[in-house]
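Colleague: Structure file model_24.json, JSON, C-alpha atoms, is pasted below:
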```json
[["chain", "number", "residue", "atom", "x", "y", "z"],
["V", 1, "PRO", "CA", 0.00, 0.00, 0.00],
["V", 2, "ALA", "CA", 1.08, 3.61, -0.64],
["V", 3, "TYR", "CA", 1.24, 4.46, 3.06],
["V", 4, "SER", "CA", 3.54, 1.52, 3.76],
["V", 5, "ARG", "CA", 5.90, 2.49, 0.97],
["V", 6, "ARG", "CA", 5.99, 6.04, 2.31],
["V", 7, "GLN", "CA", 6.73, 4.79, 5.81],
["V", 8, "ASP", "CA", 9.52, 2.51, 4.55],
["V", 9, "ALA", "CA", 11.05, 5.43, 2.63],
["V", 10, "LEU", "CA", 10.89, 7.67, 5.69],
["V", 11, "GLU", "CA", 12.50, 5.07, 7.92],
["V", 12, "THR", "CA", 15.27, 4.51, 5.38],
["V", 13, "THR", "CA", 15.84, 8.27, 5.26],
["V", 14, "ILE", "CA", 15.94, 8.44, 9.07],
["V", 15, "ILE", "CA", 18.56, 5.69, 9.25],
["V", 16, "GLN", "CA", 20.69, 7.36, 6.56],
["V", 17, "LEU", "CA", 20.55, 10.73, 8.32],
["V", 18, "TYR", "CA", 21.42, 9.16, 11.66],
["V", 19, "SER", "CA", 24.38, 7.34, 10.15],
["V", 20, "LYS", "CA", 25.67, 10.72, 8.96],
["V", 21, "GLY", "CA", 25.75, 12.04, 12.53],
["V", 22, "VAL", "CA", 22.43, 13.95, 12.64],
["V", 23, "THR", "CA", 20.78, 13.81, 16.09],
["V", 24, "THR", "CA", 17.41, 12.15, 16.67],
["V", 25, "ARG", "CA", 15.80, 15.50, 17.59],
["V", 26, "GLU", "CA", 17.18, 17.14, 14.44],
["V", 27, "ILE", "CA", 15.87, 14.24, 12.36],
["V", 28, "ALA", "CA", 12.41, 14.47, 13.93],
["V", 29, "ASP", "CA", 12.23, 18.21, 13.15],
["V", 30, "LEU", "CA", 13.50, 17.69, 9.61],
["V", 31, "ILE", "CA", 11.06, 14.88, 8.79],
["V", 32, "GLU", "CA", 8.14, 16.96, 10.03],
["V", 33, "LYS", "CA", 9.17, 19.95, 7.92],
["V", 34, "MET", "CA", 9.78, 17.91, 4.77],
["V", 35, "TYR", "CA", 6.95, 15.38, 4.90],
["V", 36, "GLY", "CA", 4.45, 16.72, 7.41],
["V", 37, "ALA", "CA", 4.83, 13.48, 9.37],
["V", 38, "TYR", "CA", 5.55, 13.80, 13.07],
["V", 39, "TYR", "CA", 8.12, 11.35, 14.43],
["V", 40, "SER", "CA", 9.06, 11.96, 18.06],
["V", 41, "PRO", "CA", 12.76, 11.78, 19.00],
["V", 42, "THR", "CA", 11.92, 8.56, 20.88],
["V", 43, "THR", "CA", 10.39, 7.01, 17.75],
["V", 44, "VAL", "CA", 13.42, 8.07, 15.73],
["V", 45, "SER", "CA", 15.69, 6.50, 18.37],
["V", 46, "ASN", "CA", 13.78, 3.22, 18.07],
["V", 47, "ILE", "CA", 14.15, 3.26, 14.27],
["V", 48, "THR", "CA", 17.86, 4.05, 14.40],
["V", 49, "ALA", "CA", 18.63, 1.43, 17.04],
["V", 50, "GLN", "CA", 19.62, -0.96, 14.26],
["V", 51, "VAL", "CA", 22.53, 1.38, 13.35],
["V", 52, "THR", "CA", 23.74, 1.40, 16.95],
["V", 53, "ASN", "CA", 23.41, -2.39, 17.14],
["V", 54, "GLN", "CA", 25.41, -2.79, 13.96],
["V", 55, "ILE", "CA", 28.21, -0.55, 15.29],
["V", 56, "GLU", "CA", 28.31, -2.35, 18.63],
["V", 57, "ALA", "CA", 28.57, -5.68, 16.81],
["V", 58, "PHE", "CA", 31.46, -4.28, 14.74],
["V", 59, "HIS", "CA", 33.37, -3.33, 17.91],
["V", 60, "GLN", "CA", 32.87, -6.82, 19.37],
["V", 61, "ARG", "CA", 33.30, -9.05, 16.32],
["V", 62, "ALA", "CA", 36.00, -11.74, 16.13],
["V", 63, "ILE", "CA", 39.28, -10.76, 14.42],
["V", 64, "LYS", "CA", 41.35, -12.96, 12.10],
["V", 65, "ALA", "CA", 44.40, -14.57, 13.71],
["V", 66, "ASN", "CA", 47.16, -13.32, 11.37],
["V", 67, "TYR", "CA", 47.87, -10.00, 9.68],
["V", 68, "VAL", "CA", 51.03, -9.16, 7.80],
["V", 69, "CYS", "CA", 50.66, -5.44, 8.50],
["V", 70, "LEU", "CA", 48.94, -3.36, 11.13],
["V", 71, "PHE", "CA", 48.64, 0.32, 10.23],
["V", 72, "LEU", "CA", 47.86, 2.76, 13.05],
["V", 73, "ASP", "CA", 46.97, 6.42, 12.70],
["V", 74, "ALA", "CA", 44.66, 8.99, 14.30],
["V", 75, "THR", "CA", 42.56, 11.72, 12.77],
["V", 76, "TYR", "CA", 40.81, 14.57, 14.60],
["V", 77, "LEU", "CA", 37.13, 15.50, 14.36],
["V", 78, "PRO", "CA", 35.03, 18.12, 16.20],
["V", 79, "LEU", "CA", 32.98, 16.65, 19.05],
["V", 80, "ARG", "CA", 30.75, 18.34, 21.63],
["V", 81, "ARG", "CA", 30.93, 17.22, 25.21],
["V", 82, "ASP", "CA", 30.48, 20.22, 27.52],
["V", 83, "SER", "CA", 32.18, 22.25, 24.77],
["V", 84, "VAL", "CA", 33.32, 21.56, 21.21],
["V", 85, "GLN", "CA", 36.87, 20.32, 20.70],
["V", 86, "ARG", "CA", 38.64, 18.26, 18.07],
["V", 87, "GLU", "CA", 39.12, 14.77, 19.46],
["V", 88, "ALA", "CA", 41.24, 11.86, 18.26],
["V", 89, "VAL", "CA", 39.73, 8.97, 16.32],
["V", 90, "TYR", "CA", 42.19, 6.07, 16.58],
["V", 91, "ILE", "CA", 41.99, 3.72, 13.58],
["V", 92, "ALA", "CA", 43.69, 0.34, 13.12],
["V", 93, "LEU", "CA", 43.80, -1.20, 9.64],
["V", 94, "GLY", "CA", 45.25, -4.61, 8.82],
["V", 95, "ILE", "CA", 46.24, -6.53, 5.69],
["V", 96, "THR", "CA", 46.08, -10.33, 5.69],
["V", 97, "PRO", "CA", 48.67, -12.63, 4.05],
["V", 98, "VAL", "CA", 46.44, -12.89, 0.96],
["V", 99, "GLY", "CA", 46.12, -9.10, 0.74],
["V", 100, "ILE", "CA", 42.65, -8.41, 2.17],
["V", 101, "LYS", "CA", 42.66, -5.01, 3.87],
["V", 102, "GLU", "CA", 40.15, -4.07, 6.53],
["V", 103, "VAL", "CA", 39.65, -1.68, 9.40],
["V", 104, "LEU", "CA", 39.98, -3.80, 12.52],
["V", 105, "ASP", "CA", 38.59, -1.25, 14.95],
["V", 106, "TYR", "CA", 38.57, 2.40, 15.97],
["V", 107, "ARG", "CA", 38.26, 4.36, 19.20],
["V", 108, "ILE", "CA", 37.45, 7.93, 20.22],
["V", 109, "ALA", "CA", 39.42, 9.78, 22.90],
["V", 110, "PRO", "CA", 40.20, 13.44, 23.66],
["V", 111, "ASN", "CA", 43.88, 13.11, 22.68],
["V", 112, "GLU", "CA", 46.22, 10.62, 21.03],
["V", 113, "ASN", "CA", 48.43, 8.75, 23.47],
["V", 114, "ALA", "CA", 50.24, 5.43, 23.66],
["V", 115, "GLY", "CA", 48.01, 4.16, 26.45],
["V", 116, "VAL", "CA", 44.89, 4.10, 24.28],
["V", 117, "TRP", "CA", 46.79, 2.39, 21.45],
["V", 118, "SER", "CA", 48.01, -0.22, 23.94],
["V", 119, "GLU", "CA", 44.45, -0.86, 25.18],
["V", 120, "MET", "CA", 43.25, -1.15, 21.61],
["V", 121, "ALA", "CA", 45.99, -3.67, 20.74],
["V", 122, "GLU", "CA", 45.16, -5.79, 23.79],
["V", 123, "ASP", "CA", 41.47, -5.75, 22.87],
["V", 124, "LEU", "CA", 42.29, -6.97, 19.35],
["V", 125, "LYS", "CA", 44.30, -9.81, 20.89],
["V", 126, "GLN", "CA", 41.36, -10.76, 23.09],
["V", 127, "ARG", "CA", 39.15, -10.90, 20.00],
["V", 128, "GLY", "CA", 41.43, -13.31, 18.14],
["V", 129, "LEU", "CA", 44.42, -11.45, 16.68],
["V", 130, "LYS", "CA", 47.49, -13.58, 17.39],
["V", 131, "GLN", "CA", 50.35, -12.46, 15.14],
["V", 132, "VAL", "CA", 51.39, -9.30, 13.31],
["V", 133, "GLN", "CA", 54.57, -9.19, 11.26],
["V", 134, "LEU", "CA", 54.91, -5.41, 10.83],
["V", 135, "ILE", "CA", 53.40, -2.43, 12.65],
["V", 136, "ILE", "CA", 53.45, 0.85, 10.72],
["V", 137, "ALA", "CA", 52.84, 4.05, 12.69],
["V", 138, "ASP", "CA", 54.26, 7.46, 13.45],
["V", 139, "GLY", "CA", 56.90, 8.10, 16.08],
["V", 140, "MET", "CA", 54.74, 9.13, 19.01],
["V", 141, "VAL", "CA", 56.61, 8.76, 22.31],
["V", 142, "GLY", "CA", 55.88, 5.44, 24.01],
["V", 143, "LEU", "CA", 53.98, 3.97, 21.08],
["V", 144, "GLN", "CA", 56.54, 1.40, 19.94],
["V", 145, "PRO", "CA", 57.13, -0.34, 23.31],
["V", 146, "ALA", "CA", 53.39, -0.39, 24.02],
["V", 147, "LEU", "CA", 52.62, -2.13, 20.73],
["V", 148, "LEU", "CA", 55.55, -4.51, 20.82],
["V", 149, "HIS", "CA", 54.45, -5.60, 24.29],
["V", 150, "ALA", "CA", 51.19, -6.77, 22.71],
["V", 151, "PHE", "CA", 52.86, -8.24, 19.61],
["V", 152, "PRO", "CA", 56.48, -9.06, 20.57],
["V", 153, "LYS", "CA", 57.31, -10.80, 17.27],
["V", 154, "ALA", "CA", 56.36, -7.80, 15.15],
["V", 155, "LYS", "CA", 58.80, -5.39, 13.53],
["V", 156, "PHE", "CA", 58.11, -1.67, 13.88],
["V", 157, "GLN", "CA", 58.23, 0.64, 10.85],
["V", 158, "ARG", "CA", 58.25, 4.40, 11.25],
["V", 159, "CYS", "CA", 56.01, 5.95, 8.63],
["V", 160, "LEU", "CA", 58.55, 7.47, 6.22],
["V", 161, "VAL", "CA", 56.04, 10.12, 5.15],
["V", 162, "HIS", "CA", 55.72, 11.30, 8.76],
["V", 163, "VAL", "CA", 59.52, 11.25, 9.05],
["V", 164, "MET", "CA", 59.81, 13.40, 5.93],
["V", 165, "ARG", "CA", 57.31, 15.90, 7.33],
["V", 166, "ASN", "CA", 59.38, 16.08, 10.50],
["V", 167, "ILE", "CA", 62.57, 16.63, 8.49],
["V", 168, "GLY", "CA", 60.89, 19.39, 6.48],
["V", 169, "SER", "CA", 59.81, 21.19, 9.66],
["V", 170, "HIS", "CA", 63.38, 21.18, 11.06],
["V", 171, "VAL", "CA", 65.31, 22.63, 8.12],
["V", 172, "ARG", "CA", 65.44, 25.99, 6.41],
["V", 173, "LEU", "CA", 63.07, 26.59, 3.54],
["V", 174, "LYS", "CA", 65.89, 26.93, 1.01],
["V", 175, "ASP", "CA", 67.18, 23.44, 1.94],
["V", 176, "ARG", "CA", 63.83, 21.69, 2.20],
["V", 177, "GLU", "CA", 63.39, 20.42, -1.35],
["V", 178, "ALA", "CA", 66.96, 19.12, -1.63],
["V", 179, "ILE", "CA", 67.05, 17.35, 1.72],
["V", 180, "LEU", "CA", 63.64, 15.71, 1.18],
["V", 181, "ASN", "CA", 64.63, 14.52, -2.28],
["V", 182, "ASP", "CA", 67.79, 12.96, -0.83],
["V", 183, "PHE", "CA", 65.85, 11.19, 1.93],
["V", 184, "LYS", "CA", 63.16, 10.02, -0.49],
["V", 185, "GLU", "CA", 65.71, 7.78, -2.22],
["V", 186, "LEU", "CA", 65.29, 5.47, 0.77],
["V", 187, "HIS", "CA", 61.81, 4.53, -0.50],
["V", 188, "SER", "CA", 63.27, 2.69, -3.50],
["V", 189, "ALA", "CA", 66.22, 0.98, -1.78],
["V", 190, "THR", "CA", 66.65, -2.55, -3.13],
["V", 191, "ASP", "CA", 67.88, -4.05, 0.13],
["V", 192, "VAL", "CA", 69.23, -3.16, 3.58],
["V", 193, "THR", "CA", 72.81, -2.72, 2.32],
["V", 194, "ALA", "CA", 71.69, -0.23, -0.31],
["V", 195, "ALA", "CA", 69.51, 1.53, 2.26],
["V", 196, "HIS", "CA", 72.43, 1.97, 4.67],
["V", 197, "LYS", "CA", 74.50, 3.48, 1.86],
["V", 198, "ILE", "CA", 71.68, 5.92, 1.05],
["V", 199, "LEU", "CA", 71.42, 6.92, 4.70],
["V", 200, "ASN", "CA", 75.19, 7.26, 5.15],
["V", 201, "ASP", "CA", 75.36, 9.50, 2.08],
["V", 202, "PHE", "CA", 72.42, 11.48, 3.46],
["V", 203, "TYR", "CA", 74.12, 11.89, 6.84],
["V", 204, "GLY", "CA", 77.37, 12.99, 5.21],
["V", 205, "ALA", "CA", 75.62, 15.58, 3.06],
["V", 206, "TRP", "CA", 73.53, 17.21, 5.82],
["V", 207, "GLU", "CA", 75.12, 16.53, 9.21],
["V", 208, "LYS", "CA", 77.24, 19.67, 9.17],
["V", 209, "LEU", "CA", 74.16, 21.88, 8.74],
["V", 210, "TYR", "CA", 71.64, 19.93, 10.83],
["V", 211, "SER", "CA", 73.55, 17.83, 13.35],
["V", 212, "ASN", "CA", 70.68, 17.40, 15.83],
["V", 213, "LEU", "CA", 68.31, 16.22, 13.12],
["V", 214, "ILE", "CA", 70.83, 13.71, 11.79],
["V", 215, "GLN", "CA", 71.51, 12.35, 15.29],
["V", 216, "GLN", "CA", 67.79, 11.84, 15.77],
["V", 217, "LEU", "CA", 67.53, 9.90, 12.50],
["V", 218, "LYS", "CA", 70.52, 7.75, 13.39],
["V", 219, "SER", "CA", 68.84, 6.79, 16.67],
["V", 220, "ILE", "CA", 65.78, 5.37, 14.85],
["V", 221, "GLU", "CA", 67.58, 3.88, 11.84],
["V", 222, "ASN", "CA", 66.28, 0.33, 12.39],
["V", 223, "GLU", "CA", 62.72, 1.65, 12.49],
["V", 224, "LEU", "CA", 63.26, 3.37, 9.13],
["V", 225, "LEU", "CA", 64.34, 0.16, 7.40],
["V", 226, "ALA", "CA", 62.00, -2.52, 8.77],
["V", 227, "PHE", "CA", 59.95, -2.58, 5.53],
["V", 228, "LEU", "CA", 62.98, -3.95, 3.66],
["V", 229, "SER", "CA", 62.59, -7.29, 5.47],
["V", 230, "PHE", "CA", 59.53, -7.96, 3.30],
["V", 231, "PRO", "CA", 59.13, -8.83, -0.39],
["V", 232, "PRO", "CA", 59.72, -5.94, -2.84],
["V", 233, "ALA", "CA", 56.19, -6.35, -4.27],
["V", 234, "ILE", "CA", 54.56, -5.00, -1.11],
["V", 235, "ARG", "CA", 57.16, -2.46, 0.03],
["V", 236, "PRO", "CA", 55.46, 0.58, -1.60],
["V", 237, "THR", "CA", 52.46, -0.12, 0.66],
["V", 238, "ILE", "CA", 54.24, -0.78, 3.95],
["V", 239, "TYR", "CA", 56.81, 2.02, 4.35],
["V", 240, "SER", "CA", 54.13, 4.56, 5.32],
["V", 241, "THR", "CA", 50.61, 4.90, 6.71],
["V", 242, "ASN", "CA", 49.37, 6.39, 3.42],
["V", 243, "ILE", "CA", 46.83, 3.59, 3.00],
["V", 244, "LEU", "CA", 45.19, 4.67, 6.26],
["V", 245, "GLU", "CA", 45.58, 8.39, 5.68],
["V", 246, "SER", "CA", 43.58, 8.06, 2.46],
["V", 247, "LEU", "CA", 40.72, 6.59, 4.54],
["V", 248, "ASN", "CA", 41.05, 9.44, 7.04],
["V", 249, "LYS", "CA", 40.77, 11.98, 4.22],
["V", 250, "ARG", "CA", 37.67, 10.23, 2.94],
["V", 251, "ILE", "CA", 36.09, 10.40, 6.40],
["V", 252, "LYS", "CA", 36.94, 14.09, 6.76],
["V", 253, "ARG", "CA", 35.40, 14.89, 3.36],
["V", 254, "LYS", "CA", 32.15, 13.34, 4.55],
["V", 255, "THR", "CA", 32.21, 15.40, 7.76],
["V", 256, "LYS", "CA", 32.45, 18.74, 5.97],
["V", 257, "PRO", "CA", 28.68, 19.38, 6.02],
["V", 258, "LYS", "CA", 28.76, 19.05, 9.83],
["V", 259, "GLU", "CA", 30.38, 21.66, 12.03],
["V", 260, "GLN", "CA", 30.45, 19.25, 14.95],
["V", 261, "PHE", "CA", 29.13, 15.96, 16.30],
["V", 262, "PRO", "CA", 26.66, 16.53, 19.15],
["V", 263, "ASN", "CA", 27.82, 13.58, 21.26],
["V", 264, "GLU", "CA", 30.21, 10.65, 21.28],
["V", 265, "LYS", "CA", 27.58, 8.12, 20.18],
["V", 266, "SER", "CA", 26.79, 10.23, 17.12],
["V", 267, "LEU", "CA", 30.47, 10.33, 16.13],
["V", 268, "ASP", "CA", 30.88, 6.61, 16.89],
["V", 269, "ASN", "CA", 27.96, 5.72, 14.60],
["V", 270, "PHE", "CA", 29.20, 8.02, 11.84],
["V", 271, "ILE", "CA", 32.72, 6.53, 11.85],
["V", 272, "GLY", "CA", 31.31, 3.03, 12.13],
["V", 273, "VAL", "CA", 29.17, 3.41, 9.02],
["V", 274, "GLN", "CA", 32.20, 4.68, 7.08],
["V", 275, "VAL", "CA", 34.54, 1.85, 8.09],
["V", 276, "ILE", "CA", 31.94, -0.89, 7.60],
["V", 277, "SER", "CA", 31.33, 0.48, 4.11],
["V", 278, "TYR", "CA", 35.11, 0.53, 3.52],
["V", 279, "ASN", "CA", 35.47, -3.10, 4.62],
["V", 280, "GLU", "CA", 32.58, -4.20, 2.42],
["V", 281, "LYS", "CA", 34.10, -2.41, -0.56],
["V", 282, "TYR", "CA", 37.45, -4.19, -0.24],
["V", 283, "PHE", "CA", 36.15, -7.56, 0.93],
["V", 284, "ASN", "CA", 37.88, -10.32, -1.08],
["V", 285, "ARG", "CA", 40.03, -7.82, -3.04],
["V", 286, "SER", "CA", 43.74, -8.50, -2.80],
["V", 287, "HIS", "CA", 45.75, -5.33, -2.27],
["V", 288, "ARG", "CA", 48.35, -4.41, -4.86],
["V", 289, "GLY", "CA", 51.43, -6.67, -4.72],
["V", 290, "PHE", "CA", 50.20, -9.04, -2.01],
["V", 291, "GLY", "CA", 48.70, -11.60, -4.38],
["V", 292, "GLN", "CA", 52.10, -12.10, -6.04],
["V", 293, "VAL", "CA", 53.78, -13.12, -2.78],
["V", 294, "LYS", "CA", 50.97, -14.59, -0.68],
["V", 295, "ASP", "CA", 52.78, -17.94, -0.25],
["V", 296, "THR", "CA", 55.86, -16.14, 1.07],
["V", 297, "LEU", "CA", 53.75, -14.04, 3.43],
["V", 298, "GLU", "CA", 51.75, -17.00, 4.73],
["V", 299, "SER", "CA", 55.02, -18.81, 5.51],
["V", 300, "LEU", "CA", 55.98, -16.03, 7.96],
["V", 301, "PHE", "CA", 53.41, -17.22, 10.50],
["V", 302, "ASP", "CA", 53.72, -20.09, 12.97]]
```
Transcribe the structure of this file into structure tokens.

Modeller:
Amino acid sequence: PAYSRRQDALETTIIQLYSKGVTTREIADLIEKMYGAYYSPTTVSNITAQVTNQIEAFHQRAIKANYVCLFLDATYLPLRRDSVQREAVYIALGITPVGIKEVLDYRIAPNENAGVWSEMAEDLKQRGLKQVQLIIADGMVGLQPALLHAFPKAKFQRCLVHVMRNIGSHVRLKDREAILNDFKELHSATDVTAAHKILNDFYGAWEKLYSNLIQQLKSIENELLAFLSFPPAIRPTIYSTNILESLNKRIKRKTKPKEQFPNEKSLDNFIGVQVISYNEKYFNRSHRGFGQVKDTLESLFD
């Protein structure tokens, strides 16, 4: 009947609006203005409960046992508690030995810190994650030991893109292009021996001008080269968190119509809808390079 179709369409619209971060009261007002149909905020909450249930199930679902890579990065979005501030959304993305990439989980917290990442890693272990071969993240203080405590067999790779940004912020503008071009040669190193030569040449060229910066890079040299322990076919993916930053940019584009999220549950549902959609999109697609070396990658696990 016509009325039933109209009701189905309205309920679908309500769910879509809610998944975009619109509050139940805002939805009720909007539906009444557009369609002349009055839905109380309570009724809207009942309709949208399926979104909340889906997000809760996502946070509690079982995780695969083995991932070659675990990418970690945080993005910041405006959230109202007693006032509006940009809060950290922690996102963990993994790639399996056959190349399937998926967001494993995400969390919301006022600021990024190693403690939350550690809690998130332990939760993933409790839900079934046993082994990770390589963790790719930025160089936040305390992050590496916290993660390696959860996954002691994993190697840790500093995101080379983050490292380059740090280098660029510590040199004079006139030197920036040259020094970044020299460091970028590391991305295409054929093996560890070649990488050490590139770094030694880099140190020799720039240490006189930027001794503190070079000393800092020398202290994390092993973390710059961990990606070279893996097959060349997948190295362009695993030397940085770019794969995750592209997802973060996609999420931020979708938040542009909203100045803020009215509460944590609203932001949680919004992020959840985005990452579930992402996982569905890439389900059973092998990421570039992984399919060529899946036997080698599978052999890395116990």

Colleague: Restricting the calculation to all atoms listed in the file, which member of V:Gln157, V:Thr23, V:Ser211, V:Asn222 is positioned closest to His196 in chain V?

Modeller: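 Among the listed residues, V:Asn222 lies closest to His196 in chain V.
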
Colleague: Emit as AutoDock Vina command-line options the padded axis-aligned box for all listed atoms of range 261-269 of chain V, 6 Å per side, with centre and edge lengths in Å to one decimal.

Modeller:
```
--center_x 28.8 --center_y 11.1 --center_z 17.9 --size_x 16.2 --size_y 22.8 --size_z 18.7
```

Colleague: Counting all atoms listed in the file, which residues of range 23-96 of chain V fall within 8 Å of range 102-120 of chain V, and what is the closest atom pair for each with its distance in Å at one decimal, ordered by chain and rising number, as CSV?

Modeller:
```
residue,atom,partner,partner_atom,distance
V:Phe58,CA,V:Asp105,CA,7.7
V:His59,CA,V:Asp105,CA,6.4
V:Ile63,CA,V:Leu104,CA,7.2
V:Ala74,CA,V:Glu112,CA,7.1
V:Arg86,CA,V:Pro110,CA,7.5
V:Glu87,CA,V:Pro110,CA,4.5
V:Ala88,CA,V:Asn111,CA,5.3
V:Val89,CA,V:Ile108,CA,4.6
V:Tyr90,CA,V:Arg107,CA,5.0
V:Ile91,CA,V:Tyr106,CA,4.4
V:Ala92,CA,V:Leu104,CA,5.6
V:Leu93,CA,V:Val103,CA,4.2
V:Gly94,CA,V:Glu102,CA,5.6
V:Ile95,CA,V:Glu102,CA,6.6
```

Colleague: From the options V:Ala178, V:Val171, V:Ala154, V:Ile15, which residue's atoms come nearest to Ile136 in chain V, counting all atoms listed in the file?

Modeller: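 Going through V:Ala178, V:Val171, V:Ala154, V:Ile15 one by one, the smallest distance to Ile136 in chain V is for V:Ala154.
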
Colleague: Quick check, in Å to one decimal: how far apart do CA of Asp82 in chain V and CA of Glu26 in chain V lie?

Modeller: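 Result for CA of Asp82 in chain V versus CA of Glu26 in chain V: 18.9 Å, one decimal.
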
Colleague: Using all atoms listed in the file, find the one residue out of V:Cys159, V:Ile55, V:Val293, V:Val44 that sits nearest to Arg25 in chain V.

Modeller: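 Of the candidates, the smallest distance to Arg25 in chain V is held by V:Val44.
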
Colleague: For the atom pair CA of Val68 in chain V and CA of Gln274 in chain V, what is the interatomic distance in Å to one decimal place?

Modeller: 23.4 Å

Colleague: Hey, can you check how far CA of Lys197 in chain V sits from CA of Thr237 in chain V?

Modeller: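 Going from CA of Lys197 in chain V over to CA of Thr237 in chain V, I get 22.4 Å.
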
Colleague: With all atoms listed in the file as the counted atoms, please give the residues lying no more than 12 Å from range 34-40 of chain V, apart from itself and same-chain residues fewer than 3 positions off, as a list in words.

Modeller: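 Using all atoms listed in the file, the neighbours found are Tyr3, Arg6, Gln7, Ala9, Leu10, Glu11, Thr13, Ile14, Thr24, Arg25, Glu26, Ile27, Ala28, Asp29, Leu30, Ile31, Thr43, Val44, Ser45, Asn46 and Ile47 of chain V.
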
Colleague: Mind writing the picked residues with C-alpha atoms as a compact mmCIF listing (two decimals), keeping the file's coordinate frame?

Modeller:
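Once everything was written out, this is selection-v5.txt:
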```txt
# COMPACT_ATOMS: atom_id res chain seq x y z
CA TYR V 3 1.24 4.46 3.06
CA ARG V 6 5.99 6.04 2.31
CA GLN V 7 6.73 4.79 5.81
CA ALA V 9 11.05 5.43 2.63
CA LEU V 10 10.89 7.67 5.69
CA GLU V 11 12.50 5.07 7.92
CA THR V 13 15.84 8.27 5.26
CA ILE V 14 15.94 8.44 9.07
CA THR V 24 17.41 12.15 16.67
CA ARG V 25 15.80 15.50 17.59
CA GLU V 26 17.18 17.14 14.44
CA ILE V 27 15.87 14.24 12.36
CA ALA V 28 12.41 14.47 13.93
CA ASP V 29 12.23 18.21 13.15
CA LEU V 30 13.50 17.69 9.61
CA ILE V 31 11.06 14.88 8.79
CA THR V 43 10.39 7.01 17.75
CA VAL V 44 13.42 8.07 15.73
CA SER V 45 15.69 6.50 18.37
CA ASN V 46 13.78 3.22 18.07
CA ILE V 47 14.15 3.26 14.27
```

Colleague: Counting all atoms listed in the file, give me one row per residue of range 109-171 of chain V with an atom at most 10 Å from an atom of range 183-195 of chain V, showing the shortest contact pair and its distance in Å to one decimal, sorted by chain then residue number, as JSON lines.

Modeller:
```
{"residue": "V:Leu160", "atom": "CA", "partner": "V:His187", "partner_atom": "CA", "distance": 8.0}
{"residue": "V:Val161", "atom": "CA", "partner": "V:Lys184", "partner_atom": "CA", "distance": 9.1}
{"residue": "V:Val163", "atom": "CA", "partner": "V:Phe183", "partner_atom": "CA", "distance": 9.5}
{"residue": "V:Met164", "atom": "CA", "partner": "V:Phe183", "partner_atom": "CA", "distance": 7.6}
{"residue": "V:Ile167", "atom": "CA", "partner": "V:Phe183", "partner_atom": "CA", "distance": 9.1}
```

Colleague: Once you have the residues from the selection above, write them out as a PDB file, in the coordinates of the input, restricted to C-alpha atoms.

Modeller:
```pdb
ATOM      1  CA  LEU V 160      58.550   7.470   6.220  1.00  0.00           C
ATOM      2  CA  VAL V 161      56.040  10.120   5.150  1.00  0.00           C
ATOM      3  CA  VAL V 163      59.520  11.250   9.050  1.00  0.00           C
ATOM      4  CA  MET V 164      59.810  13.400   5.930  1.00  0.00           C
ATOM      5  CA  ILE V 167      62.570  16.630   8.490  1.00  0.00           C
TER       6      ILE V 167
END
```

Colleague: Counting all atoms listed in the file, which residue out of V:Val275, V:Leu213, V:Cys69, V:Leu147 sits closest to Arg235 in chain V?

Modeller: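 Checking each of V:Val275, V:Leu213, V:Cys69, V:Leu147 against Arg235 in chain V, counting all atoms listed in the file, the winner is V:Cys69.
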
Colleague: When you look at Gln144 in chain V with a cut-off of 9 Å (counting all atoms listed in the file), what residues show up, excluding the ones that are within fewer than 4 positions of it in the same chain? I need them as a PyMOL selection string.

Modeller: chain V and resi 114+135+137+139-140+148-149+156

Colleague: With distances taken over all atoms listed in the file, which of V:Gln216, V:Thr52, V:Thr12, V:Ser169 is nearest to Leu267 in chain V?

Modeller: V:Thr52

Colleague: Which residues are close to Pro152 in chain V, i.e. within 12 Å by all atoms listed in the file, leaving aside same-chain residues fewer than 6 positions away? Reply as a list of chain:residue names.

Modeller: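 Residues meeting the cut-off are V:Ala121, V:Lys130, V:Gln131, V:Val132, V:Gln133, V:Leu134, V:Ile135, V:Gln144, V:Pro145, V:Ala146.
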